[in-house]
file structure29.csv (CSV, C-alpha atoms)
chain,number,residue,atom,x,y,z
E,1,MET,CA,48.9,19.8,-37.5
E,2,SER,CA,48.1,23.1,-36.1
E,3,PRO,CA,44.5,24.5,-36.2
E,4,ILE,CA,43.9,26.8,-39.1
E,5,ALA,CA,43.0,30.2,-37.9
E,6,GLY,CA,43.6,32.5,-40.8
E,7,ASP,CA,40.9,34.7,-42.4
E,8,GLN,CA,39.1,34.4,-39.1
E,9,HIS,CA,37.7,37.7,-37.9
E,10,PRO,CA,36.2,37.1,-34.5
E,11,TYR,CA,34.9,40.6,-34.6
E,12,GLY,CA,32.9,39.8,-37.7
E,13,ASP,CA,29.3,38.5,-37.9
E,14,ASP,CA,30.2,34.9,-37.4
E,15,ALA,CA,32.6,35.6,-34.6
E,16,GLU,CA,31.3,33.0,-32.2
E,17,ALA,CA,31.4,30.2,-34.8
E,18,ARG,CA,35.0,31.0,-35.7
E,19,VAL,CA,36.3,31.1,-32.2
E,20,ALA,CA,34.4,27.9,-31.4
E,21,ALA,CA,36.0,26.2,-34.5
E,22,HIS,CA,39.5,27.0,-33.3
E,23,LEU,CA,38.7,25.9,-29.7
E,24,ALA,CA,37.3,22.6,-31.1
E,25,ALA,CA,40.5,22.0,-33.1
E,26,GLU,CA,42.5,22.6,-29.9
E,27,ARG,CA,40.2,20.2,-28.1
E,28,ARG,CA,40.8,17.5,-30.7
E,29,LEU,CA,44.5,18.0,-30.4
E,30,ARG,CA,44.2,17.4,-26.7
E,31,ALA,CA,42.2,14.3,-27.2
E,32,ASP,CA,44.7,13.0,-29.7
E,33,ALA,CA,47.5,13.6,-27.2
E,34,LEU,CA,45.6,11.7,-24.6
E,35,ALA,CA,45.1,8.8,-26.9
E,36,LEU,CA,48.8,8.6,-27.6
E,37,SER,CA,49.7,9.0,-23.9
E,38,ARG,CA,51.3,12.4,-24.5
E,39,THR,CA,50.8,15.7,-22.9
E,40,PRO,CA,49.3,18.3,-25.3
E,41,PHE,CA,52.6,20.1,-25.4
E,42,GLU,CA,54.5,16.9,-26.3
E,43,HIS,CA,51.9,16.1,-29.0
E,44,ARG,CA,52.3,19.6,-30.5
E,45,MET,CA,56.0,19.3,-30.5
E,46,ALA,CA,55.8,15.9,-32.2
E,47,THR,CA,53.5,17.1,-35.0
E,48,LEU,CA,54.3,20.7,-35.8
E,49,ARG,CA,56.5,21.9,-38.6
E,50,PRO,CA,60.1,22.6,-37.4
E,51,ASP,CA,60.0,26.4,-37.3
E,52,LEU,CA,56.8,26.5,-35.4
E,53,ARG,CA,58.1,23.8,-33.1
E,54,ALA,CA,61.2,26.0,-32.4
E,55,ALA,CA,58.9,28.9,-31.5
E,56,LEU,CA,56.9,26.8,-29.2
E,57,ALA,CA,60.0,25.5,-27.5
E,58,SER,CA,61.2,29.1,-27.0
E,59,LEU,CA,57.9,30.0,-25.4
E,60,ARG,CA,58.1,26.9,-23.1
E,61,SER,CA,61.6,27.9,-22.0
E,62,SER,CA,60.4,31.4,-21.1
E,63,VAL,CA,57.7,30.1,-18.7
E,64,THR,CA,58.4,31.4,-15.3
E,65,ASP,CA,58.5,29.2,-12.2
E,66,MET,CA,56.1,30.7,-9.9
E,67,ASP,CA,54.2,29.7,-6.8
E,68,THR,CA,50.5,30.1,-6.2
E,69,PRO,CA,49.4,32.3,-3.4
E,70,GLY,CA,47.7,29.5,-1.5
E,71,PRO,CA,46.0,26.1,-1.7
E,72,ARG,CA,42.8,27.4,-3.2
E,73,TYR,CA,44.7,28.7,-6.3
E,74,ARG,CA,45.7,26.6,-9.3
E,75,ARG,CA,48.4,27.7,-11.7
E,76,GLY,CA,48.0,26.9,-15.4
E,77,ILE,CA,50.1,27.2,-18.5
E,78,GLY,CA,48.6,26.9,-21.9
E,79,PHE,CA,49.9,26.9,-25.4
E,80,ALA,CA,48.2,27.3,-28.7
E,81,THR,CA,49.3,27.5,-32.3
E,82,ALA,CA,47.6,28.7,-35.4
E,83,GLU,CA,48.6,28.7,-39.1
E,84,ALA,CA,47.2,31.4,-41.3
E,85,GLY,CA,44.7,30.9,-44.0
E,86,ASN,CA,45.2,27.8,-46.2
E,87,GLY,CA,48.9,27.8,-45.4
E,88,ALA,CA,49.7,29.7,-48.6
E,89,THR,CA,51.4,32.6,-46.8
E,90,MET,CA,53.2,30.3,-44.4
E,91,ALA,CA,52.5,32.7,-41.6
E,92,TRP,CA,51.9,31.3,-38.1
E,93,GLN,CA,51.6,32.3,-34.5
E,94,ALA,CA,52.4,30.4,-31.3
E,95,ALA,CA,51.0,31.8,-28.1
E,96,SER,CA,51.4,31.0,-24.4
E,97,ALA,CA,49.5,32.1,-21.4
E,98,GLU,CA,50.3,31.8,-17.7
E,99,LEU,CA,47.5,32.3,-15.3
E,100,ILE,CA,46.2,31.5,-11.8
E,101,VAL,CA,42.7,30.4,-11.1
E,102,ASP,CA,41.1,31.1,-7.7
E,103,CYS,CA,39.0,27.9,-7.3
E,104,GLU,CA,36.9,29.5,-4.6
E,105,THR,CA,35.7,32.4,-6.6
E,106,GLY,CA,36.4,31.4,-10.2
E,107,PHE,CA,38.5,34.5,-10.7
E,108,VAL,CA,41.3,34.1,-13.3
E,109,SER,CA,44.5,36.3,-13.1
E,110,LEU,CA,46.5,36.3,-16.3
E,111,LEU,CA,50.1,36.8,-15.3
E,112,ARG,CA,52.0,36.6,-18.5
E,113,HIS,CA,51.4,36.2,-22.1
E,114,ALA,CA,53.8,35.6,-24.9
E,115,VAL,CA,53.5,35.2,-28.7
E,116,ARG,CA,55.8,34.4,-31.5
E,117,HIS,CA,54.8,35.3,-35.0
E,118,ARG,CA,56.2,34.4,-38.4
E,119,LEU,CA,55.0,37.0,-40.8
E,120,GLY,CA,57.4,37.4,-43.5
E,121,ARG,CA,59.5,40.5,-43.4
E,122,GLY,CA,57.8,43.4,-41.6
E,123,ALA,CA,58.4,46.7,-43.4
E,124,ASP,CA,57.5,48.6,-40.2
E,125,ARG,CA,58.2,46.3,-37.3
E,126,ALA,CA,56.8,48.8,-34.8
E,127,MET,CA,53.5,49.0,-36.6
E,128,VAL,CA,53.2,45.2,-37.1
E,129,GLY,CA,54.0,44.9,-33.3
E,130,ARG,CA,51.2,47.2,-32.5
E,131,SER,CA,48.8,45.2,-34.7
E,132,ILE,CA,49.9,42.0,-33.0
E,133,GLU,CA,49.3,43.7,-29.6
E,134,ALA,CA,45.9,44.7,-30.8
E,135,GLY,CA,45.2,41.1,-31.7
E,136,ILE,CA,46.3,40.1,-28.2
E,137,MET,CA,44.0,42.6,-26.7
E,138,GLN,CA,41.1,41.4,-28.8
E,139,GLY,CA,42.0,37.8,-27.9
E,140,LEU,CA,41.9,38.7,-24.2
E,141,GLY,CA,38.5,40.3,-24.9
E,142,ILE,CA,37.3,37.1,-26.5
E,143,ALA,CA,38.6,35.1,-23.6
E,144,PHE,CA,37.4,37.1,-20.7
E,145,ARG,CA,34.9,39.8,-21.5
E,146,GLU,CA,31.2,39.3,-21.7
E,147,ARG,CA,29.5,39.9,-25.0
E,148,GLY,CA,27.4,43.0,-25.4
E,149,GLY,CA,24.0,41.4,-26.0
E,150,ARG,CA,22.3,44.7,-25.3
E,151,GLY,CA,18.6,45.3,-25.2
E,152,ALA,CA,17.3,48.8,-24.7
E,153,TYR,CA,20.5,50.7,-24.9
E,154,GLY,CA,24.0,50.5,-26.5
E,155,ALA,CA,25.1,50.5,-30.1
E,156,ALA,CA,24.0,47.5,-32.2
E,157,TRP,CA,27.6,46.9,-33.4
E,158,LEU,CA,28.7,46.1,-29.8
E,159,ALA,CA,26.1,43.4,-29.3
E,160,ALA,CA,28.1,40.6,-31.0
E,161,ARG,CA,31.5,41.8,-29.9
E,162,PRO,CA,33.4,41.2,-26.7
E,163,MET,CA,34.7,44.4,-25.2
E,164,PRO,CA,38.5,44.8,-25.2
E,165,PRO,CA,40.3,44.8,-21.9
E,166,SER,CA,41.0,48.2,-20.4
E,167,ILE,CA,44.5,49.6,-19.8
E,168,LEU,CA,44.2,48.4,-16.2
E,169,ASP,CA,43.9,44.8,-17.4
E,170,LEU,CA,47.1,44.9,-19.5
E,171,PRO,CA,49.1,41.8,-18.7
E,172,ALA,CA,52.8,41.4,-19.1
E,173,THR,CA,53.1,40.7,-22.8
E,174,ASP,CA,56.1,39.4,-24.7
E,175,ILE,CA,55.9,39.7,-28.5
E,176,ASP,CA,58.6,38.5,-30.8
E,177,PHE,CA,58.8,38.0,-34.5
E,178,VAL,CA,60.4,35.4,-36.5
E,179,ASP,CA,61.5,37.5,-39.4
E,180,ASP,CA,61.6,35.5,-42.6
E,181,ALA,CA,61.7,36.7,-46.1
E,182,GLY,CA,60.5,33.3,-47.3
E,183,ALA,CA,57.0,33.9,-46.0
E,184,ALA,CA,54.8,35.6,-48.5
E,185,GLY,CA,53.0,37.6,-45.8
E,186,PRO,CA,52.2,39.4,-43.8
E,187,GLY,CA,48.7,40.2,-44.6
E,188,HIS,CA,46.3,41.7,-42.1
E,189,ASP,CA,44.6,38.4,-41.7
E,190,ASP,CA,47.9,36.8,-40.8
E,191,VAL,CA,48.4,39.2,-38.0
E,192,ALA,CA,44.8,38.7,-37.0
E,193,VAL,CA,45.4,35.0,-36.2
E,194,SER,CA,46.5,36.2,-32.8
E,195,ARG,CA,42.9,37.0,-31.9
E,196,VAL,CA,41.6,33.5,-31.8
E,197,ASN,CA,44.9,31.9,-30.9
E,198,VAL,CA,45.5,34.0,-27.8
E,199,ALA,CA,42.0,33.1,-26.6
E,200,ALA,CA,42.8,29.4,-27.3
E,201,ALA,CA,46.0,29.6,-25.2
E,202,ILE,CA,44.1,31.0,-22.3
E,203,VAL,CA,41.5,28.3,-22.5
E,204,GLU,CA,44.3,25.7,-22.6
E,205,ALA,CA,45.9,27.3,-19.5
E,206,ILE,CA,42.5,27.0,-17.7
E,207,VAL,CA,42.4,23.3,-18.7
E,208,SER,CA,46.0,22.9,-17.4
E,209,ALA,CA,45.1,24.6,-14.1
E,210,THR,CA,41.7,23.0,-13.4
E,211,GLY,CA,41.1,20.1,-15.9
E,212,LEU,CA,38.0,22.0,-17.0
E,213,ASP,CA,37.4,22.9,-20.6
E,214,ILE,CA,35.3,26.0,-20.3
E,215,ALA,CA,34.2,28.0,-23.4
E,216,PRO,CA,34.8,31.8,-23.2
E,217,PRO,CA,33.9,34.2,-21.8
E,218,LEU,CA,35.9,33.0,-18.8
E,219,SER,CA,34.1,35.2,-16.3
E,220,PRO,CA,34.4,34.2,-12.6
E,221,GLU,CA,30.7,33.1,-12.6
E,222,ARG,CA,31.2,30.7,-15.5
E,223,VAL,CA,34.5,29.3,-14.2
E,224,LEU,CA,33.0,28.8,-10.7
E,225,SER,CA,29.8,27.2,-12.0
E,226,ALA,CA,31.9,24.8,-14.2
E,227,ARG,CA,34.0,23.9,-11.2
E,228,LEU,CA,30.9,23.3,-9.0
E,229,ALA,CA,29.3,21.2,-11.7
E,230,ALA,CA,32.5,19.1,-12.0
E,231,ASP,CA,32.5,18.7,-8.2
E,232,ARG,CA,28.9,17.5,-8.3
E,233,ASP,CA,29.7,15.1,-11.1
E,234,HIS,CA,32.5,13.6,-9.0
E,235,GLY,CA,30.3,13.4,-5.9
E,236,ARG,CA,32.4,15.9,-4.0
E,237,GLU,CA,31.2,18.6,-1.7
E,238,SER,CA,31.9,22.1,-2.6
E,239,PRO,CA,33.9,24.2,-2.2
E,240,GLY,CA,36.5,21.8,-0.7
E,241,GLY,CA,36.7,19.7,-3.8
E,242,ALA,CA,39.0,21.9,-5.8
E,243,ARG,CA,42.1,19.8,-5.2
E,244,HIS,CA,41.2,17.1,-7.6
E,245,MET,CA,41.2,19.5,-10.5
E,246,SER,CA,44.9,19.9,-10.6
E,247,ARG,CA,46.3,18.2,-13.6
E,248,GLN,CA,49.8,18.5,-14.9
E,249,PHE,CA,50.1,18.9,-18.6
E,250,LEU,CA,53.7,19.9,-18.9
D,251,MET,CA,9.7,68.0,-26.7
D,252,ILE,CA,10.8,70.8,-24.4
D,253,ARG,CA,13.1,73.3,-26.2
D,254,GLN,CA,15.4,75.6,-24.4
D,255,THR,CA,18.5,77.7,-25.0
D,256,ILE,CA,21.7,77.2,-23.2
D,257,THR,CA,25.0,79.0,-23.4
D,258,LEU,CA,28.1,76.9,-23.8
D,259,SER,CA,31.8,77.8,-24.1
D,260,VAL,CA,33.3,75.2,-26.4
D,261,ASN,CA,37.0,75.3,-27.0
D,262,GLY,CA,37.1,79.0,-25.9
D,263,ALA,CA,34.2,80.2,-28.1
D,264,THR,CA,30.9,81.0,-26.3
D,265,ARG,CA,27.7,80.5,-28.1
D,266,ASP,CA,23.9,80.2,-27.4
D,267,VAL,CA,22.4,77.0,-28.7
D,268,ALA,CA,18.8,75.8,-28.9
D,269,ILE,CA,18.5,72.2,-27.6
D,270,ASP,CA,15.9,69.7,-26.7
D,271,ALA,CA,15.8,68.9,-23.0
D,272,ALA,CA,16.8,65.3,-23.7
D,273,ASP,CA,19.8,66.2,-25.9
D,274,ARG,CA,23.1,64.8,-24.7
D,275,LEU,CA,26.2,66.9,-24.9
D,276,VAL,CA,27.7,64.6,-27.6
D,277,GLU,CA,24.7,65.3,-29.9
D,278,VAL,CA,25.0,69.1,-29.3
D,279,LEU,CA,28.7,69.0,-30.0
D,280,ASN,CA,28.3,67.0,-33.2
D,281,ARG,CA,25.2,68.7,-34.5
D,282,ASP,CA,25.5,72.4,-33.4
D,283,PHE,CA,29.2,72.8,-33.1
D,284,GLY,CA,30.3,70.4,-35.9
D,285,LEU,CA,32.9,68.8,-33.6
D,286,VAL,CA,33.2,65.2,-35.0
D,287,SER,CA,36.1,64.1,-32.7
D,288,VAL,CA,33.6,63.5,-30.0
D,289,ARG,CA,32.0,60.2,-30.9
D,290,ASP,CA,29.1,58.3,-29.5
D,291,GLU,CA,30.5,54.9,-30.5
D,292,ALA,CA,29.0,52.7,-27.9
D,293,GLU,CA,25.9,54.8,-27.3
D,294,SER,CA,26.4,54.1,-23.7
D,295,GLY,CA,29.7,55.7,-22.8
D,296,GLU,CA,31.5,52.4,-22.4
D,297,VAL,CA,34.4,52.9,-24.6
D,298,GLY,CA,35.3,56.5,-23.7
D,299,SER,CA,35.2,57.9,-27.3
D,300,SER,CA,33.0,60.8,-26.1
D,301,THR,CA,35.5,62.0,-23.4
D,302,VAL,CA,35.6,65.8,-23.2
D,303,LEU,CA,36.7,68.3,-20.5
D,304,LEU,CA,33.9,70.0,-18.6
D,305,ASP,CA,35.5,72.9,-16.7
D,306,GLY,CA,38.8,71.1,-17.0
D,307,LEU,CA,37.6,67.7,-15.7
D,308,PRO,CA,37.0,64.7,-18.0
D,309,VAL,CA,33.4,63.6,-18.5
D,310,LEU,CA,31.6,61.4,-21.0
D,311,ALA,CA,29.6,63.6,-23.4
D,312,ALA,CA,27.5,60.6,-24.2
D,313,LEU,CA,26.3,60.4,-20.7
D,314,THR,CA,25.9,64.2,-20.0
D,315,LEU,CA,22.6,66.0,-20.5
D,316,ALA,CA,23.3,69.3,-22.3
D,317,CYS,CA,20.6,71.1,-20.4
D,318,LEU,CA,22.4,70.5,-17.1
D,319,ILE,CA,25.6,72.2,-18.1
D,320,ASP,CA,24.3,75.7,-19.1
D,321,GLY,CA,27.0,78.3,-18.8
D,322,ARG,CA,29.9,75.9,-18.5
D,323,ALA,CA,33.1,75.4,-20.5
D,324,VAL,CA,33.7,72.3,-22.7
D,325,THR,CA,37.0,71.4,-24.2
D,326,THR,CA,37.2,68.7,-27.0
D,327,ALA,CA,40.2,67.2,-28.6
D,328,GLU,CA,40.3,70.1,-31.1
D,329,GLY,CA,40.7,72.5,-28.2
D,330,ILE,CA,43.5,70.7,-26.3
D,331,LEU,CA,46.4,73.2,-26.6
D,332,ALA,CA,49.7,73.8,-24.8
D,333,ALA,CA,49.9,76.5,-22.2
D,334,ASP,CA,51.3,79.0,-24.8
D,335,GLY,CA,48.4,78.3,-27.2
D,336,GLY,CA,50.5,76.2,-29.5
D,337,PRO,CA,50.0,72.5,-30.3
D,338,HIS,CA,49.8,70.3,-27.2
D,339,PRO,CA,52.9,68.0,-26.8
D,340,LEU,CA,50.5,65.1,-26.6
D,341,ALA,CA,49.6,65.6,-30.3
D,342,ALA,CA,53.2,65.1,-31.4
D,343,ALA,CA,53.7,62.2,-29.0
D,344,PHE,CA,50.5,60.5,-30.2
D,345,ARG,CA,51.8,60.9,-33.8
D,346,ASP,CA,55.3,59.6,-32.9
D,347,HIS,CA,53.9,56.5,-31.2
D,348,GLY,CA,51.2,55.7,-33.7
D,349,VAL,CA,48.3,56.5,-31.4
D,350,ALA,CA,47.0,59.3,-33.5
D,351,GLY,CA,45.4,57.1,-36.1
D,352,LEU,CA,43.3,55.1,-33.7
D,353,ALA,CA,39.5,55.6,-33.4
D,354,ALA,CA,40.1,56.0,-29.7
D,355,ALA,CA,42.7,58.7,-30.1
D,356,PRO,CA,40.5,61.8,-29.5
D,357,GLY,CA,39.1,60.4,-26.2
D,358,LEU,CA,42.6,59.3,-25.2
D,359,LEU,CA,44.0,62.7,-26.0
D,360,VAL,CA,41.4,64.5,-23.8
D,361,ALA,CA,41.8,62.0,-21.0
D,362,SER,CA,45.6,62.3,-21.2
D,363,ALA,CA,45.6,66.1,-21.2
D,364,ALA,CA,43.4,66.1,-18.1
D,365,LEU,CA,45.8,63.6,-16.5
D,366,LEU,CA,48.9,65.7,-17.3
D,367,ALA,CA,47.2,68.9,-16.1
D,368,ALA,CA,46.5,67.3,-12.7
D,369,ASN,CA,49.7,65.3,-12.5
D,370,PRO,CA,52.7,66.6,-14.6
D,371,ARG,CA,54.9,63.7,-13.6
D,372,PRO,CA,52.6,60.6,-13.8
D,373,THR,CA,54.0,57.1,-13.1
D,374,VAL,CA,52.9,54.3,-15.4
D,375,GLU,CA,50.3,53.3,-12.8
D,376,ASP,CA,49.0,56.9,-12.8
D,377,ILE,CA,48.7,56.8,-16.6
D,378,ARG,CA,46.9,53.4,-16.4
D,379,ARG,CA,44.4,54.7,-13.9
D,380,GLY,CA,43.9,58.0,-15.8
D,381,LEU,CA,43.1,56.2,-19.0
D,382,ALA,CA,41.2,53.3,-17.7
D,383,GLY,CA,37.9,54.6,-19.1
D,384,ASN,CA,39.1,54.7,-22.7
D,385,LEU,CA,39.0,51.4,-24.5
D,386,SER,CA,40.8,50.7,-27.8
D,387,PHE,CA,39.5,48.0,-30.1
D,388,GLU,CA,42.3,48.3,-32.5
D,389,SER,CA,45.5,48.4,-30.5
D,390,GLY,CA,47.1,47.5,-27.2
D,391,TYR,CA,48.0,50.2,-24.7
D,392,ARG,CA,51.8,50.1,-24.4
D,393,HIS,CA,52.4,52.7,-27.0
D,394,VAL,CA,49.7,54.9,-25.5
D,395,ILE,CA,51.6,54.8,-22.2
D,396,ALA,CA,54.8,55.6,-24.0
D,397,ALA,CA,53.2,58.5,-25.8
D,398,VAL,CA,51.9,60.0,-22.6
D,399,GLU,CA,55.3,59.5,-20.9
D,400,GLN,CA,57.0,61.3,-23.8
D,401,ALA,CA,54.6,64.2,-23.6
D,402,ALA,CA,55.0,64.5,-19.8
D,403,ARG,CA,58.8,64.6,-20.2
D,404,HIS,CA,58.5,67.3,-22.9
D,405,MET,CA,56.2,69.4,-20.8
D,406,VAL,CA,58.3,69.1,-17.7
D,407,ASN,CA,61.4,70.0,-19.7
D,408,ALA,CA,59.7,73.0,-21.3
D,409,ALA,CA,58.5,74.2,-17.9
D,410,GLU,CA,62.0,74.0,-16.5
D,411,VAL,CA,63.4,76.0,-19.5
D,412,ARG,CA,60.8,78.7,-19.0
D,413,SER,CA,61.6,79.0,-15.3
call {"tool": "encode", "arguments": {"input": "structure29.csv", "output": "structure tokens"}}
result
Amino acid sequence: MSPIAGDQHPYGDDAEARVAAHLAAERRLRADALALSRTPFEHRMATLRPDLRAALASLRSSVTDMDTPGPRYRRGIGFATAEAGNGATMAWQAASAELIVDCETGFVSLLRHAVRHRLGRGADRAMVGRSIEAGIMQGLGIAFRERGGRGAYGAAWLAARPMPPSILDLPATDIDFVDDAGAAGPGHDDVAVSRVNVAAAIVEAIVSATGLDIAPPLSPERVLSARLAADRDHGRESPGGARHMSRQFL
Amino acid sequence: MIRQTITLSVNGATRDVAIDAADRLVEVLNRDFGLVSVRDEAESGEVGSSTVLLDGLPVLAALTLACLIDGRAVTTAEGILAADGGPHPLAAAFRDHGVAGLAAAPGLLVASAALLAANPRPTVEDIRRGLAGNLSFESGYRHVIAAVEQAARHMVNAAEVRS
């Protein structure tokens, strides 16, 4: 079963709680997979509905085979799926993220990002595509950008919202629709599932790269401190202990 | 509060305005000139919605003290025009690519116009660097890049026809 992400507006007042709920569902899925001796990807494939499974398989097949720049880097691939609302609209999204983590600095480079959406029949595909891209951008903001949390200056509405990435942060993005008149959507909320789901795919990719489950924002400081804490827990000296974190999930 | 009078040329029209010494340019443009395209969304200049041209160069009106720019020329999105005084090709390109409806559009328009004035044939990388200060909460950026490329092509073609 895929986490339910519809009607979630991470840019609303309860943004943090909604993102946390989605990430917790992904964490449960990972634990279930482990209990069944499956990788998270295998577990997803075994439990998802057929059309979503096909989309996930298509994302998996499009993953590039790339090398890391050196031994201090870890490559990660993450997948996440979300079904909209209570399932009534039958809309869903599958997302993948490919990234590289620099274990020495905690810096994360997002290399490629892909989503597949089932939205019903889009009357204006270009516009729906832009909305999905906006969801991806906001998802990247949730995943990587610090919250406002301002004190003396800055607009109040920014305080609870992650800033979106700038045009310089734009990763290679692959968006595709599964056009299907059988779906009753799309509604705006259905498109908006991409916000939380994109962030979840990135968190999953970090887990795949490092074995560490780190809550967003995935700033270099937070990734590095999580890595150092894991090293301490394992009695390893830093920074040479990065090697143990590699964990193959695919 | 210290009051003073400054002279500003805004979109080609020169006017004296009485301001407080602490007034930022965005407040003067909104209040005294009625130009609502210049927005102070982040109150800290972070999202680029207050981008204007000051003597042809892009600045953030939210971070510019009005008392420091006495006698200078300001251009807002309303004043971005083609060389012949007609609509700027960016306006049509923004409309064609769905950029025009974004809250970030005025700032993007001004920043793009400054970019094309300095570099008529920008590469994608040039466009990315030129628009890096303008964040959009409600869209990605691929169609913004496409719109600026379209306007650049149009302007280069028009210049070749003229010559």
call {"tool": "closest_residue", "arguments": {"input": "structure29.csv", "among": "D:Ser389, D:Gln254, D:Thr301, D:Ser362", "to": "chain E", "atoms": "only C-alpha atoms"}}
result
D:Ser389
call {"tool": "interface_residues", "arguments": {"input": "structure29.csv", "of": "chain D", "to": "chain E", "cutoff": "7 Å", "atoms": "all atoms listed in the file", "output": "ChimeraX atom specification"}}
result
/D:291-294,378-379,381-382,385-391
call {"tool": "closest_residue", "arguments": {"input": "structure29.csv", "among": "E:Ala200, E:Asp176, E:Ala143, E:Leu29", "to": "Pro217 in chain E", "atoms": "only C-alpha atoms"}}
result
E:Ala143
call {"tool": "residues_around", "arguments": {"input": "structure29.csv", "residues": "range 65-70 of chain E", "least_positions_apart": "6", "cutoff": "12 Å", "atoms": "all atoms listed in the file", "output": "JSON, numbers by chain"}}
result
{"E": [76, 77, 98, 99, 100, 101, 102, 103, 104, 109, 111, 112, 209, 243]}
call {"tool": "residues_around", "arguments": {"input": "structure29.csv", "residues": "Ile269 in chain D", "least_positions_apart": "5", "cutoff": "12 Å", "atoms": "only C-alpha atoms", "output": "PyMOL selection string"}}
result
chain D and resi 251-258+274-279+281-282+315-320
call {"tool": "atom_distance", "arguments": {"input": "structure29.csv", "atom1": "CA of Leu304 in chain D", "atom2": "CA of Leu366 in chain D"}}
result
15.7 Å
call {"tool": "residues_near_point", "arguments": {"input": "structure29.csv", "point": "(29.8, 29.5, -28.0)", "cutoff": "9 Å", "atoms": "only C-alpha atoms", "output": "PDB file with C-alpha atoms, keeping the file's coordinate frame"}}
result
ATOM      1  CA  GLU E  16      31.300  33.000 -32.200  1.00  0.00           C
ATOM      2  CA  ALA E  17      31.400  30.200 -34.800  1.00  0.00           C
ATOM      3  CA  VAL E  19      36.300  31.100 -32.200  1.00  0.00           C
ATOM      4  CA  ALA E  20      34.400  27.900 -31.400  1.00  0.00           C
ATOM      5  CA  ALA E 215      34.200  28.000 -23.400  1.00  0.00           C
ATOM      6  CA  PRO E 216      34.800  31.800 -23.200  1.00  0.00           C
ATOM      7  CA  PRO E 217      33.900  34.200 -21.800  1.00  0.00           C
TER       8      PRO E 217
END
call {"tool": "atom_distance", "arguments": {"input": "structure29.csv", "atom1": "CA of Ala350 in chain D", "atom2": "CA of Ser299 in chain D"}}
result
13.4 Å
call {"tool": "closest_residue", "arguments": {"input": "structure29.csv", "among": "D:Leu340, D:Arg371, D:Ser413, D:Asn384", "to": "Glu296 in chain D", "atoms": "all atoms listed in the file"}}
result
D:Asn384
call {"tool": "closest_residue", "arguments": {"input": "structure29.csv", "among": "E:Asp174, E:Asp124, E:Glu204, E:Glu42", "to": "Ala25 in chain E", "atoms": "all atoms listed in the file"}}
result
E:Glu204
call {"tool": "atom_distance", "arguments": {"input": "structure29.csv", "atom1": "CA of Thr325 in chain D", "atom2": "CA of Asp305 in chain D"}}
result
7.8 Å
call {"tool": "residues_around", "arguments": {"input": "structure29.csv", "residues": "Val324 in chain D", "least_positions_apart": "6", "cutoff": "10 Å", "atoms": "all atoms listed in the file", "output": "list in words"}}
result
Leu258, Ser259, Val260, Asn261, Gly262, Ala263, Thr264, Leu275, Leu279, Val302, Leu303, Leu304, Asp305, Gly306, Leu307, Pro308, Val309 and Ala311 of chain D
call {"tool": "closest_residue", "arguments": {"input": "structure29.csv", "among": "E:Ser37, E:Thr47, E:Thr81, E:Ser96", "to": "Ser61 in chain E", "atoms": "only C-alpha atoms"}}
result
E:Ser96
call {"tool": "closest_residue", "arguments": {"input": "structure29.csv", "among": "E:Ala97, E:Ala172, E:Leu34, E:Ala46", "to": "Arg392 in chain D", "atoms": "only C-alpha atoms"}}
result
E:Ala172
call {"tool": "residues_around", "arguments": {"input": "structure29.csv", "residues": "Ala327 in chain D", "least_positions_apart": "4", "cutoff": "8 Å", "atoms": "all atoms listed in the file", "output": "CSV table (one decimal) with C-alpha atoms, keeping the file's coordinate frame"}}
result
chain,number,residue,atom,x,y,z
D,287,SER,CA,36.1,64.1,-32.7
D,288,VAL,CA,33.6,63.5,-30.0
D,302,VAL,CA,35.6,65.8,-23.2
D,356,PRO,CA,40.5,61.8,-29.5
D,357,GLY,CA,39.1,60.4,-26.2
D,359,LEU,CA,44.0,62.7,-26.0
D,360,VAL,CA,41.4,64.5,-23.8
call {"tool": "build_atoms", "arguments": {"input": "structure29.csv", "residues": "range 261-268 of chain D", "atoms": "N, CA and C atoms", "output": "mmCIF file, keeping the file's coordinate frame"}}
result
data_model
loop_
_atom_site.group_PDB
_atom_site.id
_atom_site.type_symbol
_atom_site.label_atom_id
_atom_site.label_comp_id
_atom_site.auth_asym_id
_atom_site.auth_seq_id
_atom_site.Cartn_x
_atom_site.Cartn_y
_atom_site.Cartn_z
ATOM 1 N N ASN D 261 35.658 75.054 -26.528
ATOM 2 C CA ASN D 261 37.000 75.300 -27.000
ATOM 3 C C ASN D 261 37.289 76.854 -27.018
ATOM 4 N N GLY D 262 36.785 77.543 -26.031
ATOM 5 C CA GLY D 262 37.100 79.000 -25.900
ATOM 6 C C GLY D 262 36.073 79.900 -26.525
ATOM 7 N N ALA D 263 35.201 79.381 -27.387
ATOM 8 C CA ALA D 263 34.200 80.200 -28.100
ATOM 9 C C ALA D 263 32.844 80.044 -27.401
ATOM 10 N N THR D 264 32.215 81.145 -26.979
ATOM 11 C CA THR D 264 30.900 81.000 -26.300
ATOM 12 C C THR D 264 29.780 81.278 -27.255
ATOM 13 N N ARG D 265 28.779 80.403 -27.139
ATOM 14 C CA ARG D 265 27.700 80.500 -28.100
ATOM 15 C C ARG D 265 26.377 80.063 -27.379
ATOM 16 N N ASP D 266 25.247 80.645 -27.834
ATOM 17 C CA ASP D 266 23.900 80.200 -27.400
ATOM 18 C C ASP D 266 23.479 79.092 -28.368
ATOM 19 N N VAL D 267 22.943 78.014 -27.845
ATOM 20 C CA VAL D 267 22.400 77.000 -28.700
ATOM 21 C C VAL D 267 21.019 76.560 -28.231
ATOM 22 N N ALA D 268 20.123 76.303 -29.207
ATOM 23 C CA ALA D 268 18.800 75.800 -28.900
ATOM 24 C C ALA D 268 18.825 74.294 -28.856
#
